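Novice: Sending over query_24.csv (CSV, C-alpha atoms).
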chain,number,residue,atom,x,y,z
L,1,MET,CA,10.1,9.5,-14.1
L,2,LYS,CA,13.4,7.6,-14.1
L,3,LEU,CA,15.5,7.0,-11.0
L,4,LYS,CA,18.9,5.3,-10.7
L,5,ILE,CA,19.7,4.0,-7.3
L,6,VAL,CA,23.0,2.5,-6.0
L,7,ALA,CA,22.8,-0.3,-3.4
L,8,GLY,CA,23.3,0.6,0.2
L,9,VAL,CA,20.2,2.7,0.8
L,10,VAL,CA,18.9,1.8,4.3
L,11,PHE,CA,15.1,2.0,5.0
L,12,PHE,CA,13.3,0.9,8.1
L,13,GLY,CA,10.2,-0.9,6.6
L,14,LEU,CA,7.0,-0.2,8.5
L,15,LEU,CA,4.2,-2.7,8.5
L,16,ALA,CA,0.9,-0.9,8.2
L,17,GLY,CA,-1.2,-3.9,9.3
L,18,GLY,CA,-2.9,-4.9,6.1
L,19,LEU,CA,-6.1,-3.0,7.1
L,20,TYR,CA,-7.0,-2.8,3.4
L,21,ALA,CA,-5.8,-6.1,2.2
L,22,GLN,CA,-7.3,-5.8,-1.3
L,23,LEU,CA,-5.4,-2.7,-2.1
L,24,GLY,CA,-2.1,-3.1,-3.9
L,25,LEU,CA,-3.7,-4.2,-7.2
L,26,GLY,CA,-4.1,-1.6,-9.9
L,27,GLY,CA,-3.2,-0.5,-13.3
L,28,GLY,CA,0.4,0.7,-12.6
L,29,ARG,CA,3.6,-0.8,-14.0
L,30,LEU,CA,7.1,-0.6,-12.7
L,31,ARG,CA,10.1,-1.7,-14.8
L,32,GLY,CA,13.9,-1.2,-14.9
L,33,VAL,CA,17.3,-2.6,-15.5
L,34,VAL,CA,19.7,-4.1,-12.9
L,35,SER,CA,23.4,-3.6,-13.7
L,36,ASP,CA,26.7,-3.7,-12.0
L,37,GLU,CA,28.9,-0.6,-11.3
L,38,ALA,CA,30.5,-0.9,-14.8
L,39,GLY,CA,27.1,-0.7,-16.4
L,40,LYS,CA,27.0,-4.4,-17.3
L,41,PRO,CA,23.5,-5.9,-17.1
L,42,ILE,CA,22.9,-8.6,-14.4
L,43,ALA,CA,20.8,-11.5,-15.4
L,44,GLY,CA,19.0,-13.6,-12.8
L,45,ALA,CA,18.7,-10.9,-10.2
L,46,GLN,CA,15.7,-11.3,-7.9
L,47,VAL,CA,13.4,-8.2,-7.6
L,48,GLU,CA,10.9,-8.1,-4.8
L,49,VAL,CA,8.4,-5.3,-4.6
L,50,VAL,CA,6.3,-5.0,-1.5
L,51,ASN,CA,3.4,-2.7,-1.0
L,52,GLU,CA,4.3,-1.5,2.5
L,53,ALA,CA,0.8,-0.3,3.5
L,54,TYR,CA,-1.0,-3.5,2.6
L,55,ASN,CA,1.9,-6.1,2.7
L,56,THR,CA,1.2,-7.2,-0.9
L,57,LYS,CA,4.3,-8.8,-2.6
L,58,PHE,CA,5.3,-8.8,-6.3
L,59,THR,CA,8.4,-10.6,-7.7
L,60,ALA,CA,10.4,-10.7,-10.9
L,61,VAL,CA,13.7,-12.0,-12.2
L,62,THR,CA,15.9,-10.1,-14.6
L,63,ASP,CA,16.4,-11.4,-18.1
L,64,ALA,CA,19.7,-11.7,-20.0
L,65,LYS,CA,19.7,-7.9,-20.5
L,66,GLY,CA,19.1,-7.2,-16.8
L,67,ARG,CA,15.5,-6.1,-17.5
L,68,TRP,CA,12.5,-6.7,-15.2
L,69,ALA,CA,8.9,-5.5,-15.2
L,70,LEU,CA,5.9,-5.8,-12.9
L,71,SER,CA,2.3,-4.8,-13.6
L,72,GLY,CA,-0.9,-4.6,-11.6
L,73,LEU,CA,0.4,-2.1,-9.0
L,74,ALA,CA,-1.7,0.6,-7.3
L,75,SER,CA,-0.6,4.0,-6.1
L,76,ALA,CA,1.4,3.3,-3.0
L,77,ARG,CA,4.8,3.3,-1.4
L,78,TYR,CA,6.8,0.2,-2.2
L,79,LEU,CA,9.9,-1.4,-0.7
L,80,VAL,CA,12.0,-2.7,-3.6
L,81,THR,CA,14.6,-5.3,-2.8
L,82,VAL,CA,17.1,-6.5,-5.4
L,83,THR,CA,19.4,-9.5,-4.7
L,84,LYS,CA,21.9,-11.5,-6.6
L,85,ASP,CA,24.6,-13.9,-5.4
L,86,GLY,CA,28.0,-12.2,-5.3
L,87,TYR,CA,26.4,-8.7,-4.9
L,88,ARG,CA,25.3,-6.5,-2.1
L,89,GLU,CA,21.5,-6.4,-1.6
L,90,ALA,CA,19.9,-3.1,-2.7
L,91,THR,CA,16.9,-1.8,-0.8
L,92,ILE,CA,14.9,1.2,-2.2
L,93,ASP,CA,11.9,3.0,-0.8
L,94,PHE,CA,9.9,3.9,-3.9
L,95,GLN,CA,6.6,5.9,-4.3
L,96,LEU,CA,4.4,5.0,-7.2
L,97,SER,CA,1.7,7.4,-8.2
L,98,LEU,CA,-0.7,6.4,-11.0
L,99,VAL,CA,-1.9,10.0,-11.2
L,100,ALA,CA,1.6,11.1,-12.2
L,101,GLN,CA,2.4,8.3,-14.6
L,102,ARG,CA,1.2,4.7,-15.0
L,103,THR,CA,4.5,3.2,-16.1
L,104,GLN,CA,7.6,4.2,-14.1
L,105,THR,CA,11.2,3.2,-14.4
L,106,LEU,CA,13.5,2.2,-11.5
L,107,ASP,CA,17.0,1.2,-12.6
L,108,VAL,CA,19.2,-0.4,-9.9
L,109,THR,CA,23.0,-0.7,-9.7
L,110,LEU,CA,24.4,-3.5,-7.6
L,111,LYS,CA,27.8,-3.4,-6.0
L,112,LYS,CA,30.1,-6.4,-5.9
L,113,ARG,CA,30.3,-8.1,-2.5
L,114,ASP,CA,33.8,-7.9,-1.2
L,115,GLU,CA,34.0,-10.7,1.3
L,116,GLY,CA,37.3,-9.3,2.7
L,117,THR,CA,35.6,-6.2,3.9
L,118,GLU,CA,32.2,-7.6,4.9
L,119,MET,CA,33.4,-8.6,8.4
L,120,ALA,CA,31.7,-6.6,11.1
L,121,ILE,CA,34.3,-4.7,13.2
L,122,GLU,CA,31.7,-2.5,15.0
L,123,THR,CA,28.0,-2.6,15.2
L,124,PRO,CA,26.8,0.4,13.2
L,125,LYS,CA,24.7,2.9,15.0
L,126,GLY,CA,21.0,2.1,14.6
L,127,SER,CA,21.5,-1.6,13.6
L,128,THR,CA,20.2,-2.9,16.9
L,129,ALA,CA,17.2,-0.5,16.7
L,130,ALA,CA,16.5,-1.8,13.2
L,131,GLY,CA,16.5,-5.3,14.5
L,132,VAL,CA,14.0,-4.3,17.2
L,133,LEU,CA,11.8,-2.8,14.6
L,134,GLN,CA,11.9,-5.9,12.4
L,135,GLU,CA,11.1,-8.1,15.5
L,136,GLY,CA,8.0,-5.9,16.0
L,137,ASN,CA,7.0,-6.4,12.4
L,138,ASP,CA,7.5,-10.1,12.6
L,139,LEU,CA,5.5,-10.3,15.8
L,140,PHE,CA,2.7,-8.3,14.2
L,141,ALA,CA,2.6,-10.6,11.3
L,142,GLN,CA,2.3,-13.5,13.7
L,143,LYS,CA,-0.7,-11.7,15.4
L,144,LYS,CA,1.3,-11.3,18.6
L,145,TYR,CA,0.1,-7.7,19.0
L,146,GLN,CA,1.0,-7.0,22.6
L,147,GLU,CA,4.6,-8.3,22.1
L,148,ALA,CA,4.8,-6.3,18.8
L,149,LEU,CA,3.6,-3.2,20.6
L,150,ALA,CA,6.3,-3.5,23.2
L,151,LYS,CA,9.0,-3.7,20.4
L,152,PHE,CA,7.6,-0.7,18.6
L,153,GLU,CA,7.5,1.3,21.8
L,154,GLU,CA,11.1,0.2,22.6
L,155,PHE,CA,12.2,1.4,19.1
L,156,LYS,CA,10.3,4.7,19.5
L,157,ALA,CA,12.0,5.4,22.9
L,158,THR,CA,15.5,5.2,21.3
L,159,ASN,CA,14.6,6.6,17.9
L,160,PRO,CA,12.2,9.5,18.5
L,161,ASP,CA,13.0,11.1,15.1
L,162,VAL,CA,11.7,8.0,13.2
L,163,TYR,CA,8.1,9.1,13.9
L,164,LYS,CA,6.5,6.7,11.4
L,165,VAL,CA,6.7,4.0,14.1
L,166,SER,CA,3.7,5.7,15.6
L,167,ILE,CA,1.7,4.1,12.7
L,168,ASN,CA,2.9,0.7,13.8
L,169,ILE,CA,1.9,1.4,17.4
L,170,GLY,CA,-1.5,2.7,16.3
L,171,ASN,CA,-2.0,-0.5,14.2
L,172,CYS,CA,-1.3,-2.7,17.2
L,173,LEU,CA,-3.7,-0.8,19.4
L,174,LEU,CA,-6.4,-0.7,16.7
L,175,VAL,CA,-6.5,-4.5,16.3
L,176,MET,CA,-6.4,-4.8,20.1
L,177,LYS,CA,-9.5,-2.5,20.1
L,178,ASP,CA,-7.8,0.2,22.2
L,179,TYR,CA,-9.3,2.8,20.0
L,180,ALA,CA,-8.4,5.8,22.1
L,181,GLY,CA,-4.8,4.7,22.2
L,182,ALA,CA,-4.7,4.0,18.5
L,183,ILE,CA,-6.2,7.4,17.6
L,184,LYS,CA,-3.6,9.1,19.9
L,185,ALA,CA,-0.7,7.2,18.2
L,186,TYR,CA,-2.0,8.1,14.7
L,187,GLU,CA,-2.5,11.7,15.6
L,188,GLU,CA,1.1,11.9,16.9
L,189,TYR,CA,2.1,10.9,13.4
L,190,ILE,CA,-0.2,13.4,11.8
L,191,ASP,CA,1.2,16.2,14.0
L,192,ARG,CA,4.7,15.3,13.0
L,193,VAL,CA,3.8,15.4,9.4
L,194,LYS,CA,2.4,18.9,9.9
L,195,THR,CA,5.5,20.0,11.8
L,196,GLU,CA,7.9,18.6,9.2
L,197,SER,CA,6.1,19.7,6.0
L,198,GLY,CA,3.7,22.4,7.2
L,199,THR,CA,0.9,20.6,5.3
L,200,LEU,CA,-1.1,17.5,5.3
L,201,SER,CA,-0.9,17.0,1.5
L,202,ASP,CA,0.7,13.6,1.9
L,203,GLU,CA,-0.5,10.2,0.8
L,204,ASP,CA,0.6,8.5,4.0
L,205,ALA,CA,-1.2,11.1,6.1
L,206,ALA,CA,-4.3,10.5,4.0
L,207,LYS,CA,-4.2,6.8,4.7
L,208,ILE,CA,-3.8,7.4,8.4
L,209,MET,CA,-6.7,9.9,8.4
L,210,ALA,CA,-8.9,7.2,6.9
L,211,THR,CA,-7.7,4.7,9.5
L,212,ILE,CA,-8.6,7.2,12.3
L,213,GLY,CA,-12.0,7.4,10.6
L,214,GLN,CA,-12.2,3.6,10.7
L,215,ALA,CA,-11.4,3.7,14.5
L,216,TYR,CA,-14.2,6.1,15.0
L,217,MET,CA,-16.5,4.0,12.8
L,218,ASP,CA,-15.7,0.9,14.9
L,219,GLN,CA,-16.8,2.8,18.0
L,220,GLY,CA,-20.1,3.9,16.3
L,221,ASN,CA,-19.0,7.6,16.1
L,222,VAL,CA,-20.2,8.1,12.6
L,223,GLU,CA,-19.8,11.9,12.5
L,224,GLU,CA,-16.2,11.8,13.6
L,225,ALA,CA,-15.6,9.0,11.1
L,226,LYS,CA,-17.0,11.0,8.2
L,227,ARG,CA,-15.0,14.1,9.2
L,228,HIS,CA,-11.8,12.2,9.1
L,229,PHE,CA,-12.7,10.4,5.9
L,230,LYS,CA,-13.3,13.9,4.3
L,231,MET,CA,-9.9,15.1,5.7
L,232,ALA,CA,-8.3,12.0,4.2
L,233,ILE,CA,-9.6,12.8,0.7
L,234,ASP,CA,-8.9,16.5,1.0
L,235,SER,CA,-5.3,15.9,2.1
L,236,PHE,CA,-4.5,14.0,-1.2
L,237,PRO,CA,-7.2,15.1,-3.7
L,238,GLY,CA,-5.3,14.1,-6.8
L,239,ASP,CA,-5.1,10.4,-5.9
L,240,PRO,CA,-8.1,8.0,-5.9
L,241,VAL,CA,-6.6,5.8,-3.2
L,242,PRO,CA,-8.0,7.6,-0.1
L,243,ALA,CA,-11.5,7.6,-1.5
L,244,TYR,CA,-11.1,3.9,-2.4
L,245,ASN,CA,-9.9,3.2,1.1
L,246,VAL,CA,-12.9,4.9,2.7
L,247,ALA,CA,-15.2,2.9,0.4
L,248,GLU,CA,-13.5,-0.3,1.6
L,249,ILE,CA,-14.2,0.6,5.2
L,250,TYR,CA,-17.9,1.3,4.5
L,251,PHE,CA,-18.3,-1.9,2.5
L,252,ASN,CA,-16.7,-4.0,5.2
L,253,GLN,CA,-19.1,-2.4,7.7
L,254,GLY,CA,-22.0,-3.6,5.5
L,255,GLU,CA,-22.9,-0.1,4.2
L,256,PRO,CA,-22.9,-0.2,0.4
L,257,ASP,CA,-24.5,3.2,-0.1
L,258,PRO,CA,-21.7,5.3,1.3
L,259,ALA,CA,-19.2,2.8,-0.2
L,260,ILE,CA,-20.7,3.5,-3.7
L,261,GLU,CA,-20.5,7.3,-3.0
L,262,TYR,CA,-16.7,7.1,-2.3
L,263,LEU,CA,-16.0,4.7,-5.1
L,264,LEU,CA,-17.6,7.1,-7.5
L,265,ILE,CA,-15.3,9.8,-6.1
L,266,ALA,CA,-12.4,7.5,-6.8
L,267,VAL,CA,-13.4,6.8,-10.5
L,268,LYS,CA,-14.0,10.5,-11.0
L,269,ILE,CA,-10.4,11.2,-9.9
L,270,ASP,CA,-9.0,8.5,-12.1
L,271,GLU,CA,-11.5,6.9,-14.6
L,272,ASN,CA,-8.9,4.4,-15.8
L,273,TRP,CA,-8.1,2.8,-12.5
L,274,ALA,CA,-9.7,-0.7,-12.4
L,275,PRO,CA,-10.2,-1.7,-8.7
L,276,PRO,CA,-13.0,0.8,-7.9
L,277,TYR,CA,-15.1,-0.5,-10.8
L,278,ARG,CA,-14.7,-4.1,-9.5
L,279,ASN,CA,-15.9,-3.0,-6.0
L,280,LEU,CA,-18.6,-0.9,-7.5
L,281,GLY,CA,-19.9,-4.0,-9.2
L,282,TYR,CA,-20.1,-5.8,-5.9
L,283,ALA,CA,-21.7,-2.9,-4.1
L,284,TYR,CA,-24.3,-2.4,-6.8
L,285,LEU,CA,-25.0,-6.2,-6.8
L,286,ASN,CA,-25.5,-5.9,-3.0
L,287,ARG,CA,-28.1,-3.2,-3.6
L,288,GLY,CA,-29.9,-5.1,-6.3
L,289,GLN,CA,-28.8,-2.6,-9.0
L,290,TYR,CA,-27.9,-5.3,-11.5
L,291,GLN,CA,-27.5,-3.2,-14.6
L,292,LYS,CA,-25.0,-0.9,-12.9
L,293,ALA,CA,-23.2,-3.9,-11.4
L,294,LEU,CA,-22.9,-5.4,-14.9
L,295,GLU,CA,-21.6,-2.1,-16.4
L,296,SER,CA,-19.1,-1.7,-13.6
L,297,PHE,CA,-17.8,-5.3,-13.9
L,298,LYS,CA,-17.4,-4.9,-17.6
L,299,ARG,CA,-15.5,-1.7,-17.2
L,300,PHE,CA,-13.2,-3.4,-14.7
L,301,LEU,CA,-12.5,-6.3,-17.1
L,302,ALA,CA,-11.8,-3.9,-19.9
L,303,LEU,CA,-9.3,-2.0,-17.8
L,304,ALA,CA,-7.6,-5.0,-16.1
L,305,PRO,CA,-8.1,-8.3,-18.0
L,306,ASP,CA,-5.0,-9.7,-16.3
L,307,ASP,CA,-6.0,-8.7,-12.8
L,308,PRO,CA,-5.9,-11.7,-10.3
L,309,GLN,CA,-9.6,-11.2,-9.7
L,310,ALA,CA,-10.6,-11.0,-13.4
L,311,LYS,CA,-11.5,-14.7,-13.7
L,312,THR,CA,-13.8,-14.5,-10.6
L,313,VAL,CA,-15.6,-11.5,-12.1
L,314,THR,CA,-15.8,-13.1,-15.6
L,315,ASP,CA,-17.3,-16.2,-14.1
L,316,LEU,CA,-19.9,-14.1,-12.3
L,317,LEU,CA,-20.9,-12.1,-15.4
L,318,PRO,CA,-23.5,-14.6,-16.8
L,319,SER,CA,-25.4,-14.6,-13.6
L,320,VAL,CA,-25.3,-10.8,-13.3
L,321,GLU,CA,-26.5,-10.5,-17.0
L,322,LYS,CA,-29.5,-12.7,-16.2
L,323,LEU,CA,-30.3,-10.6,-13.1
L,324,ALA,CA,-30.0,-7.4,-15.2
L,325,LYS,CA,-32.6,-8.6,-17.6
L,326,THR,CA,-35.1,-9.0,-14.8
L,327,GLU,CA,-34.4,-5.6,-13.3
L,328,LYS,CA,-37.2,-3.1,-13.5
L,329,LYS,CA,-36.4,-0.1,-15.7
Could you express the structure from this file as structure tokens?
Specialist:
Amino acid sequence: MKLKIVAGVVFFGLLAGGLYAQLGLGGGRLRGVVSDEAGKPIAGAQVEVVNEAYNTKFTAVTDAKGRWALSGLASARYLVTVTKDGYREATIDFQLSLVAQRTQTLDVTLKKRDEGTEMAIETPKGSTAAGVLQEGNDLFAQKKYQEALAKFEEFKATNPDVYKVSINIGNCLLVMKDYAGAIKAYEEYIDRVKTESGTLSDEDAAKIMATIGQAYMDQGNVEEAKRHFKMAIDSFPGDPVPAYNVAEIYFNQGEPDPAIEYLLIAVKIDENWAPPYRNLGYAYLNRGQYQKALESFKRFLALAPDDPQAKTVTDLLPSVEKLAKTEKK
């Protein structure tokens, strides 16, 4: 897949709350060339790639031929920002799916900044609203959830068609432990997805279904949690991410058995995606299944030797090997 984007695309970035902080690391690679409108490569351009759901940031700088590349990315939606002195900033909303293709290309064309025409004569429609949304995101990052909620609700009141803001509202309410309110906000988003597309076969919808499941899990409603987890996986069956997310929730709840169940679903969908093997190693270790933990860790290292957590796992291996030798067959 190869896309060529011209600067000027406007996207209202939505902070999804970092509910699954470890996600955003995987076996995907994104590369491209930054050039000007004449096709001349631009060296020294800054490329910032942010995993919007988990607020994980990757950065690169273009070389003399305008080339850049980043690896270690998971299936997710990314906000790509390209900047260079003398040029207008380019902002691109990009969906990376490892199921479709592990290495994808995103070429970006930057327009020259014309200082004579950059003066604001009139506030463009929506710019104030965009500022309100950014204020909400900033407040959420500062853990000022009540203030962030007020900003998101203000944005929603004036921009009812930008229904993704319901995710932001739900995230605020979830961390504030207003589970009923959070679920209602998330379900508003789900309902709009159904209305707009007629289906729930959508990666974002799958993530929100899993988050609703987490809200039910936090309340001790295991049956509703499981029902929504299943819906999350069913709504995007070709991608391992929903199953991985569900496993994260169970593991964080101190329940390694269902975590392993969902991690195995993730590796069945994509046997070459490294993060589930890493977490399987920890889950098996937690259960005292040292041989399986060892095999999972080794598989993770084979798939992602340059992963940021590879050294931690490598350092752990000798201890796991000793434990595996004592395990009863």
Novice: Grab the atom CA of Ser296 of chain L to atom CA of Leu280 of chain L distance for me, in Å with one decimal place.
Specialist: 6.2 Å
Novice: Calculate how many Å separate atom CA of Asp257 of chain L from atom CA of Val320 of chain L, rounding to one decimal.
Specialist: 19.3 Å
Novice: Using all atoms listed in the file, which of the listed residues (L:Leu73, L:Leu173, L:Val241, L:Ile167) sits closest to Lys268 of chain L?
Specialist: L:Val241
Novice: For Gly66 of chain L, find every residue with an atom within 7 Å (counting only C-alpha atoms), except residues of its own chain fewer than 5 positions away, and show them as a list in words.
Specialist: Val33, Val34, Ser35, Pro41, Ile42 and Ala43 of chain L
Novice: Identify which of the residues L:Val82, L:Ala74, L:Ala45, L:Val132 lies closest to Pro276 of chain L, counting all atoms listed in the file when measuring atom-to-atom distances.
Specialist: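 Going through L:Val82, L:Ala74, L:Ala45, L:Val132 one by one, the smallest distance to Pro276 of chain L is for L:Ala74.
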Novice: Can you pull out every residue within 9 Å of Leu263 of chain L, counting all atoms listed in the file, but drop anything in the same chain fewer than 5 positions away, and send it as a VMD selection string?
Specialist: chain L and resid 240 243 to 248 258 268 276 to 277 279 to 280
Novice: Emit the selected residues as a PDB file, in the frame of the given file, including C-alpha atoms.
Specialist:
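Final output, saved to part34.pdb:
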ATOM      1  CA  PRO L 240      -8.100   8.000  -5.900  1.00  0.00           C
ATOM      2  CA  ALA L 243     -11.500   7.600  -1.500  1.00  0.00           C
ATOM      3  CA  TYR L 244     -11.100   3.900  -2.400  1.00  0.00           C
ATOM      4  CA  ASN L 245      -9.900   3.200   1.100  1.00  0.00           C
ATOM      5  CA  VAL L 246     -12.900   4.900   2.700  1.00  0.00           C
ATOM      6  CA  ALA L 247     -15.200   2.900   0.400  1.00  0.00           C
ATOM      7  CA  GLU L 248     -13.500  -0.300   1.600  1.00  0.00           C
ATOM      8  CA  PRO L 258     -21.700   5.300   1.300  1.00  0.00           C
ATOM      9  CA  LYS L 268     -14.000  10.500 -11.000  1.00  0.00           C
ATOM     10  CA  PRO L 276     -13.000   0.800  -7.900  1.00  0.00           C
ATOM     11  CA  TYR L 277     -15.100  -0.500 -10.800  1.00  0.00           C
ATOM     12  CA  ASN L 279     -15.900  -3.000  -6.000  1.00  0.00           C
ATOM     13  CA  LEU L 280     -18.600  -0.900  -7.500  1.00  0.00           C
TER      14      LEU L 280
END
Novice: Taking only C-alpha atoms into account, which of L:Leu70, L:Phe152, L:Asp204, L:Asp107 comes nearest Gln95 of chain L?
Specialist: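 Closest to Gln95 of chain L of all the choices is L:Asp204.
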Novice: Near Tyr163 of chain L, counting all atoms listed in the file, which residues have an atom at most 10 Å away, once you skip same-chain residues fewer than 3 positions from it, shown as a PyMOL selection string?
Specialist: chain L and resi 156+159-160+166-168+185+188-193
